[in-house]
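Listing of target_3.txt, compact mmCIF, N, CA and C atoms
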```txt
# COMPACT_ATOMS: atom_id res chain seq x y z
N LEU A 229 28.56 -29.45 -34.06
CA LEU A 229 27.65 -29.60 -32.93
C LEU A 229 27.36 -31.06 -32.65
N THR A 230 27.58 -31.95 -33.59
CA THR A 230 27.34 -33.37 -33.36
C THR A 230 28.19 -33.88 -32.21
N ALA A 231 29.46 -33.52 -32.20
CA ALA A 231 30.33 -33.95 -31.10
C ALA A 231 29.87 -33.34 -29.78
N ALA A 232 29.42 -32.08 -29.81
CA ALA A 232 28.96 -31.42 -28.58
C ALA A 232 27.69 -32.07 -28.05
N SER A 233 26.80 -32.48 -28.96
CA SER A 233 25.57 -33.10 -28.49
C SER A 233 25.82 -34.49 -27.91
N GLN A 234 26.90 -35.12 -28.30
CA GLN A 234 27.23 -36.43 -27.74
C GLN A 234 27.95 -36.32 -26.41
N ALA A 235 28.60 -35.21 -26.16
CA ALA A 235 29.30 -35.02 -24.89
C ALA A 235 28.29 -34.54 -23.85
N VAL A 236 27.99 -35.38 -22.89
CA VAL A 236 26.96 -35.08 -21.90
C VAL A 236 27.25 -33.79 -21.15
N TRP A 237 28.49 -33.54 -20.82
CA TRP A 237 28.82 -32.35 -20.04
C TRP A 237 28.66 -31.05 -20.82
N LEU A 238 28.61 -31.12 -22.14
CA LEU A 238 28.41 -29.92 -22.95
C LEU A 238 26.94 -29.65 -23.25
N THR A 239 26.08 -30.59 -22.97
CA THR A 239 24.67 -30.44 -23.32
C THR A 239 24.05 -29.17 -22.76
N PRO A 240 24.19 -28.85 -21.47
CA PRO A 240 23.57 -27.61 -20.98
C PRO A 240 24.09 -26.36 -21.69
N VAL A 241 25.37 -26.33 -22.01
CA VAL A 241 25.95 -25.18 -22.70
C VAL A 241 25.38 -25.09 -24.11
N ALA A 242 25.27 -26.22 -24.81
CA ALA A 242 24.73 -26.22 -26.17
C ALA A 242 23.27 -25.77 -26.17
N VAL A 243 22.49 -26.24 -25.21
CA VAL A 243 21.08 -25.83 -25.14
C VAL A 243 20.99 -24.33 -24.85
N ALA A 244 21.82 -23.83 -23.93
CA ALA A 244 21.81 -22.40 -23.61
C ALA A 244 22.17 -21.56 -24.83
N MET A 245 23.09 -22.06 -25.66
CA MET A 245 23.50 -21.32 -26.86
C MET A 245 22.43 -21.36 -27.93
N LEU A 246 21.85 -22.53 -28.16
CA LEU A 246 20.95 -22.72 -29.30
C LEU A 246 19.48 -22.46 -28.99
N GLU A 247 19.09 -22.66 -27.73
CA GLU A 247 17.70 -22.47 -27.34
C GLU A 247 17.63 -21.76 -25.99
N PRO A 248 18.03 -20.50 -25.90
CA PRO A 248 18.07 -19.81 -24.61
C PRO A 248 16.73 -19.77 -23.89
N ALA A 249 15.64 -19.72 -24.61
CA ALA A 249 14.32 -19.69 -23.97
C ALA A 249 14.04 -20.98 -23.20
N ALA A 250 14.65 -22.07 -23.65
CA ALA A 250 14.41 -23.36 -23.01
C ALA A 250 15.03 -23.45 -21.61
N VAL A 251 16.02 -22.60 -21.33
CA VAL A 251 16.68 -22.65 -20.03
C VAL A 251 16.35 -21.44 -19.16
N ARG A 252 15.40 -20.63 -19.59
CA ARG A 252 15.06 -19.41 -18.86
C ARG A 252 14.70 -19.68 -17.40
N ASP A 253 13.96 -20.74 -17.12
CA ASP A 253 13.54 -21.04 -15.76
C ASP A 253 14.38 -22.14 -15.11
N SER A 254 15.50 -22.48 -15.71
CA SER A 254 16.39 -23.52 -15.18
C SER A 254 17.41 -22.92 -14.22
N PHE A 255 18.01 -23.78 -13.44
CA PHE A 255 19.11 -23.38 -12.58
C PHE A 255 20.39 -23.69 -13.34
N LEU A 256 21.07 -22.65 -13.75
CA LEU A 256 22.22 -22.79 -14.62
C LEU A 256 23.50 -22.99 -13.82
N PRO A 257 24.43 -23.75 -14.37
CA PRO A 257 25.71 -23.93 -13.68
C PRO A 257 26.44 -22.59 -13.56
N SER A 258 27.11 -22.40 -12.49
CA SER A 258 27.94 -21.24 -12.16
C SER A 258 27.16 -20.03 -11.67
N MET A 259 25.87 -20.12 -11.55
CA MET A 259 25.11 -19.01 -10.98
C MET A 259 25.22 -19.07 -9.46
N PRO A 260 25.18 -17.92 -8.79
CA PRO A 260 25.37 -17.91 -7.34
C PRO A 260 24.24 -18.60 -6.60
N MET A 261 24.57 -19.12 -5.43
CA MET A 261 23.55 -19.75 -4.61
C MET A 261 22.91 -18.71 -3.70
N ASP A 262 21.73 -19.00 -3.23
CA ASP A 262 21.01 -18.14 -2.32
C ASP A 262 21.77 -18.00 -1.01
N ALA A 263 21.80 -16.82 -0.45
CA ALA A 263 22.54 -16.58 0.80
C ALA A 263 22.01 -17.44 1.93
N ARG A 264 20.70 -17.70 1.95
CA ARG A 264 20.14 -18.51 3.03
C ARG A 264 20.61 -19.96 2.94
N ALA A 265 20.82 -20.45 1.74
CA ALA A 265 21.34 -21.80 1.59
C ALA A 265 22.77 -21.88 2.10
N ALA A 266 23.55 -20.85 1.79
CA ALA A 266 24.93 -20.80 2.27
C ALA A 266 24.96 -20.73 3.79
N MET A 267 24.08 -19.92 4.36
CA MET A 267 24.03 -19.78 5.81
C MET A 267 23.65 -21.11 6.46
N SER A 268 22.65 -21.79 5.93
CA SER A 268 22.24 -23.08 6.48
C SER A 268 23.37 -24.10 6.37
N HIS A 269 24.10 -24.05 5.26
CA HIS A 269 25.19 -24.99 5.04
C HIS A 269 26.31 -24.77 6.07
N ILE A 270 26.58 -23.53 6.41
CA ILE A 270 27.65 -23.20 7.34
C ILE A 270 27.20 -23.35 8.79
N LEU A 271 26.03 -22.81 9.12
CA LEU A 271 25.59 -22.75 10.52
C LEU A 271 24.66 -23.87 10.95
N GLY A 272 24.10 -24.60 10.01
CA GLY A 272 23.06 -25.55 10.38
C GLY A 272 21.75 -24.79 10.46
N GLY A 273 20.83 -25.27 11.23
CA GLY A 273 19.56 -24.57 11.39
C GLY A 273 18.62 -24.84 10.24
N GLY A 274 17.51 -24.10 10.21
CA GLY A 274 16.52 -24.30 9.17
C GLY A 274 15.66 -23.08 8.94
N TRP A 275 15.03 -23.03 7.78
CA TRP A 275 14.17 -21.92 7.39
C TRP A 275 12.71 -22.33 7.47
N TYR A 276 11.89 -21.39 7.90
CA TYR A 276 10.45 -21.61 8.04
C TYR A 276 9.72 -20.39 7.51
N LYS A 277 8.40 -20.52 7.35
CA LYS A 277 7.57 -19.40 6.90
C LYS A 277 6.43 -19.20 7.89
N CYS A 278 6.15 -17.93 8.18
CA CYS A 278 5.02 -17.59 9.06
C CYS A 278 3.72 -17.83 8.29
N PRO A 279 2.56 -17.67 8.95
CA PRO A 279 1.29 -17.89 8.24
C PRO A 279 1.10 -16.98 7.02
N ASN A 280 1.81 -15.83 7.00
CA ASN A 280 1.68 -14.89 5.88
C ASN A 280 2.80 -15.02 4.86
N GLY A 281 3.62 -16.06 4.98
CA GLY A 281 4.64 -16.34 3.98
C GLY A 281 5.98 -15.66 4.19
N HIS A 282 6.20 -14.99 5.31
CA HIS A 282 7.50 -14.35 5.57
C HIS A 282 8.47 -15.38 6.12
N SER A 283 9.69 -15.35 5.62
CA SER A 283 10.71 -16.32 6.03
C SER A 283 11.35 -15.93 7.35
N TYR A 284 11.69 -16.95 8.14
CA TYR A 284 12.48 -16.75 9.35
C TYR A 284 13.39 -17.95 9.55
N TYR A 285 14.43 -17.74 10.34
CA TYR A 285 15.48 -18.74 10.52
C TYR A 285 15.51 -19.22 11.96
N VAL A 286 15.68 -20.52 12.14
CA VAL A 286 15.86 -21.11 13.47
C VAL A 286 17.25 -21.73 13.49
N ASP A 287 18.09 -21.26 14.43
CA ASP A 287 19.48 -21.74 14.45
C ASP A 287 19.62 -23.05 15.23
N ALA A 288 20.85 -23.39 15.51
CA ALA A 288 21.22 -24.62 16.25
C ALA A 288 20.70 -25.84 15.51
N CYS A 289 19.79 -26.59 16.12
CA CYS A 289 19.32 -27.84 15.51
C CYS A 289 18.31 -27.59 14.39
N GLY A 290 17.81 -26.36 14.29
CA GLY A 290 16.86 -26.03 13.23
C GLY A 290 15.42 -26.31 13.57
N ARG A 291 15.15 -26.68 14.82
CA ARG A 291 13.77 -26.94 15.25
C ARG A 291 13.39 -25.91 16.31
N PRO A 292 12.19 -25.36 16.25
CA PRO A 292 11.82 -24.26 17.13
C PRO A 292 11.66 -24.68 18.60
N THR A 293 12.07 -23.76 19.48
CA THR A 293 11.95 -24.00 20.93
C THR A 293 11.25 -22.85 21.63
N GLU A 294 10.80 -21.85 20.88
CA GLU A 294 10.08 -20.74 21.49
C GLU A 294 9.13 -20.13 20.46
N VAL A 295 8.13 -19.43 20.97
CA VAL A 295 7.17 -18.73 20.12
C VAL A 295 7.51 -17.25 20.18
N LEU A 296 7.72 -16.66 19.02
CA LEU A 296 8.02 -15.23 18.89
C LEU A 296 7.04 -14.61 17.90
N GLN A 297 7.23 -13.34 17.58
CA GLN A 297 6.38 -12.67 16.60
C GLN A 297 7.19 -12.40 15.34
N CYS A 298 6.56 -12.58 14.21
CA CYS A 298 7.17 -12.29 12.93
C CYS A 298 7.48 -10.79 12.88
N PRO A 299 8.72 -10.42 12.56
CA PRO A 299 9.04 -8.99 12.50
C PRO A 299 8.34 -8.25 11.35
N GLU A 300 7.85 -8.99 10.37
CA GLU A 300 7.18 -8.37 9.23
C GLU A 300 5.70 -8.10 9.50
N CYS A 301 5.00 -9.07 10.12
CA CYS A 301 3.55 -8.94 10.25
C CYS A 301 3.02 -9.14 11.66
N GLY A 302 3.88 -9.61 12.58
CA GLY A 302 3.44 -9.79 13.96
C GLY A 302 2.79 -11.13 14.26
N ALA A 303 2.66 -12.00 13.27
CA ALA A 303 2.06 -13.32 13.50
C ALA A 303 2.98 -14.18 14.36
N ASP A 304 2.40 -15.13 15.07
CA ASP A 304 3.21 -16.05 15.89
C ASP A 304 4.08 -16.92 14.98
N ILE A 305 5.34 -17.04 15.36
CA ILE A 305 6.27 -17.90 14.62
C ILE A 305 7.01 -18.80 15.60
N GLY A 306 7.54 -19.89 15.08
CA GLY A 306 8.32 -20.81 15.89
C GLY A 306 7.48 -21.96 16.40
N GLY A 307 7.70 -22.31 17.67
CA GLY A 307 6.99 -23.42 18.29
C GLY A 307 7.65 -23.77 19.60
N LEU A 308 7.15 -24.78 20.26
CA LEU A 308 7.69 -25.21 21.54
C LEU A 308 8.10 -26.67 21.47
N ASP A 309 9.10 -27.02 22.25
CA ASP A 309 9.55 -28.42 22.36
C ASP A 309 9.85 -29.04 21.01
N HIS A 310 10.47 -28.27 20.12
CA HIS A 310 10.85 -28.73 18.78
C HIS A 310 9.66 -29.07 17.88
N GLU A 311 8.49 -28.58 18.23
CA GLU A 311 7.29 -28.78 17.40
C GLU A 311 6.88 -27.46 16.79
N LEU A 312 6.82 -27.39 15.49
CA LEU A 312 6.46 -26.19 14.75
C LEU A 312 4.98 -25.88 14.96
N LEU A 313 4.65 -24.58 15.13
CA LEU A 313 3.25 -24.19 15.21
C LEU A 313 2.52 -24.65 13.96
N GLU A 314 1.27 -25.05 14.13
CA GLU A 314 0.50 -25.56 12.98
C GLU A 314 0.31 -24.51 11.90
N SER A 315 0.32 -23.23 12.28
CA SER A 315 0.10 -22.16 11.31
C SER A 315 1.36 -21.84 10.49
N ASN A 316 2.50 -22.36 10.92
CA ASN A 316 3.76 -22.14 10.21
C ASN A 316 4.07 -23.34 9.32
N ARG A 317 5.00 -23.16 8.41
CA ARG A 317 5.40 -24.30 7.56
C ARG A 317 6.90 -24.25 7.30
N LYS A 318 7.44 -25.39 6.98
CA LYS A 318 8.87 -25.50 6.66
C LYS A 318 9.12 -24.72 5.39
N GLY A 319 10.17 -23.91 5.40
CA GLY A 319 10.53 -23.14 4.21
C GLY A 319 11.52 -23.91 3.36
N THR A 320 11.84 -23.34 2.24
CA THR A 320 12.85 -23.97 1.39
C THR A 320 14.22 -23.47 1.81
N GLU A 321 15.19 -24.34 1.78
CA GLU A 321 16.55 -23.98 2.18
C GLU A 321 17.23 -23.13 1.11
N ASP A 322 16.87 -23.33 -0.12
CA ASP A 322 17.56 -22.66 -1.21
C ASP A 322 16.54 -21.97 -2.11
N GLU A 323 16.58 -20.66 -2.15
CA GLU A 323 15.70 -19.91 -3.02
C GLU A 323 16.52 -19.18 -4.09
N SER A 324 17.48 -19.90 -4.65
CA SER A 324 18.32 -19.33 -5.70
C SER A 324 17.45 -18.93 -6.88
N PRO A 325 17.75 -17.79 -7.50
CA PRO A 325 16.98 -17.40 -8.67
C PRO A 325 17.28 -18.31 -9.86
N SER A 326 16.27 -18.57 -10.65
CA SER A 326 16.50 -19.40 -11.84
C SER A 326 16.95 -18.50 -12.99
N GLY A 327 17.44 -19.13 -14.03
CA GLY A 327 17.88 -18.39 -15.20
C GLY A 327 19.25 -17.77 -15.01
N TYR A 328 19.57 -16.87 -15.88
CA TYR A 328 20.88 -16.22 -15.87
C TYR A 328 20.85 -15.09 -14.84
N SER A 329 21.52 -15.27 -13.74
CA SER A 329 21.47 -14.27 -12.66
C SER A 329 22.85 -14.08 -12.06
N VAL A 330 23.52 -13.04 -12.47
CA VAL A 330 24.83 -12.72 -11.92
C VAL A 330 24.78 -11.28 -11.44
N SER A 331 25.48 -11.00 -10.36
CA SER A 331 25.49 -9.64 -9.85
C SER A 331 26.36 -8.76 -10.75
N ALA A 332 26.13 -7.47 -10.67
CA ALA A 332 26.89 -6.52 -11.48
C ALA A 332 28.35 -6.51 -11.05
N TYR A 333 29.22 -6.17 -11.99
CA TYR A 333 30.64 -6.11 -11.70
C TYR A 333 30.93 -4.97 -10.73
N ASN A 334 31.81 -5.22 -9.80
CA ASN A 334 32.24 -4.22 -8.84
C ASN A 334 33.75 -4.33 -8.74
N GLU A 335 34.46 -3.22 -8.92
CA GLU A 335 35.92 -3.30 -8.91
C GLU A 335 36.48 -3.75 -7.57
N ASN A 336 35.71 -3.60 -6.51
CA ASN A 336 36.15 -4.06 -5.19
C ASN A 336 35.73 -5.51 -4.93
N ASN A 337 35.06 -6.10 -5.91
CA ASN A 337 34.59 -7.48 -5.80
C ASN A 337 35.79 -8.43 -5.66
N LEU A 338 35.68 -9.35 -4.75
CA LEU A 338 36.77 -10.32 -4.54
C LEU A 338 36.49 -11.59 -5.35
N ASP A 339 36.26 -11.41 -6.64
CA ASP A 339 35.89 -12.52 -7.51
C ASP A 339 36.96 -13.61 -7.57
N ARG A 340 38.20 -13.25 -7.30
CA ARG A 340 39.25 -14.27 -7.35
C ARG A 340 39.07 -15.31 -6.24
N PHE A 341 38.27 -14.96 -5.22
CA PHE A 341 38.00 -15.90 -4.14
C PHE A 341 36.64 -16.56 -4.30
N LEU A 342 35.97 -16.24 -5.39
CA LEU A 342 34.62 -16.74 -5.62
C LEU A 342 34.57 -18.26 -5.65
N HIS A 343 33.66 -18.82 -4.90
CA HIS A 343 33.36 -20.24 -5.04
C HIS A 343 31.84 -20.35 -5.07
N LEU A 344 31.36 -21.25 -5.86
CA LEU A 344 29.92 -21.43 -6.03
C LEU A 344 29.56 -22.83 -5.60
N ARG A 345 28.68 -22.88 -4.65
CA ARG A 345 28.25 -24.17 -4.10
C ARG A 345 29.48 -24.95 -3.67
N GLU A 346 29.78 -26.06 -4.25
CA GLU A 346 30.94 -26.85 -3.85
C GLU A 346 32.09 -26.74 -4.84
N LEU A 347 32.03 -25.77 -5.75
CA LEU A 347 33.07 -25.62 -6.76
C LEU A 347 34.24 -24.79 -6.22
N SER A 348 35.42 -25.12 -6.65
CA SER A 348 36.60 -24.32 -6.30
C SER A 348 36.54 -23.01 -7.07
N PRO A 349 37.31 -21.99 -6.65
CA PRO A 349 37.32 -20.72 -7.40
C PRO A 349 37.68 -20.90 -8.87
N LEU A 350 38.65 -21.76 -9.18
CA LEU A 350 39.03 -21.98 -10.57
C LEU A 350 37.89 -22.61 -11.37
N ALA A 351 37.27 -23.64 -10.84
CA ALA A 351 36.16 -24.30 -11.54
C ALA A 351 34.99 -23.34 -11.73
N ALA A 352 34.71 -22.52 -10.70
CA ALA A 352 33.61 -21.54 -10.81
C ALA A 352 33.89 -20.54 -11.93
N ARG A 353 35.11 -20.03 -12.01
CA ARG A 353 35.45 -19.07 -13.06
C ARG A 353 35.39 -19.71 -14.45
N MET A 354 35.84 -20.96 -14.56
CA MET A 354 35.79 -21.64 -15.86
C MET A 354 34.35 -21.84 -16.31
N LEU A 355 33.48 -22.26 -15.40
CA LEU A 355 32.07 -22.43 -15.76
C LEU A 355 31.43 -21.10 -16.12
N ARG A 356 31.78 -20.06 -15.37
CA ARG A 356 31.24 -18.73 -15.69
C ARG A 356 31.67 -18.29 -17.08
N ALA A 357 32.93 -18.56 -17.44
CA ALA A 357 33.41 -18.19 -18.77
C ALA A 357 32.59 -18.90 -19.85
N LEU A 358 32.29 -20.17 -19.64
CA LEU A 358 31.46 -20.91 -20.59
C LEU A 358 30.07 -20.32 -20.68
N MET A 359 29.47 -20.01 -19.52
CA MET A 359 28.11 -19.49 -19.52
C MET A 359 28.04 -18.07 -20.10
N HIS A 360 29.03 -17.23 -19.81
CA HIS A 360 29.02 -15.87 -20.34
C HIS A 360 29.28 -15.87 -21.84
N GLY A 361 29.99 -16.85 -22.31
CA GLY A 361 30.34 -16.93 -23.73
C GLY A 361 29.21 -17.41 -24.60
N THR A 362 28.13 -17.91 -24.00
CA THR A 362 27.01 -18.43 -24.80
C THR A 362 26.07 -17.36 -25.24
```
Output the file's structure as structure tokens, nothing else.
Amino acid sequence: LTAASQAVWLTPVAVAMLEPAAVRDSFLPSMPMDARAAMSHILGGGWYKCPNGHSYYVDACGRPTEVLQCPECGADIGGLDHELLESNRKGTEDESPSGYSVSAYNENNLDRFLHLRELSPLAARMLRALMHGT
């Protein structure tokens, strides 16, 4: 383990193996990203929250140009002239779950095409193998 502790790139794996409780609330390598982060990355736009905490998405430039009602609670959402309503707030772009979070295996799953964040499918599978092996 001395060599592993000196190799910076192995440190997260060593901690996950030896002290799993220490990484329970961490964002682990190779875990999937939140769908809303992927959508924002591809389409642009931005996420906001209504006064009651429900998330909504504004496309194009990501700044509101109309006032609508929250489909969850009916509160006013959005804004006019690219100005967010004072009762609303900017949401987080990425709400990825922390800790070890992988979806269940599905035989129809296209895992061979899996890419995580900016990782290639091969790099994602290699990191997953390391994380599953701990």
Please, what distance in Å, to one decimal, runs between atom C of Leu344 of chain A and atom CA of Glu321 of chain A?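 Between atom C of Leu344 of chain A and atom CA of Glu321 of chain A the gap is 15.2 Å.
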Rank nothing, just name the residue among A:His269, A:Ser324, A:Tyr276, A:Ser258 nearest to Pro349 of chain A, using only C-alpha atoms.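 Using only C-alpha atoms, Pro349 of chain A sits closest to A:Ser258.
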Which of these, A:Thr293, A:Lys277, A:Tyr285, A:Thr320, has the shortest distance to Leu308 of chain A once you count all atoms listed in the file?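 The answer is A:Thr293, which sits nearest to Leu308 of chain A.
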Kindly give the distance, in Å, that separates atom CA of Ala250 of chain A and atom N of Gly327 of chain A, rounded to a single decimal.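 Answer for the atom CA of Ala250 of chain A to atom N of Gly327 of chain A separation: 10.4 Å.
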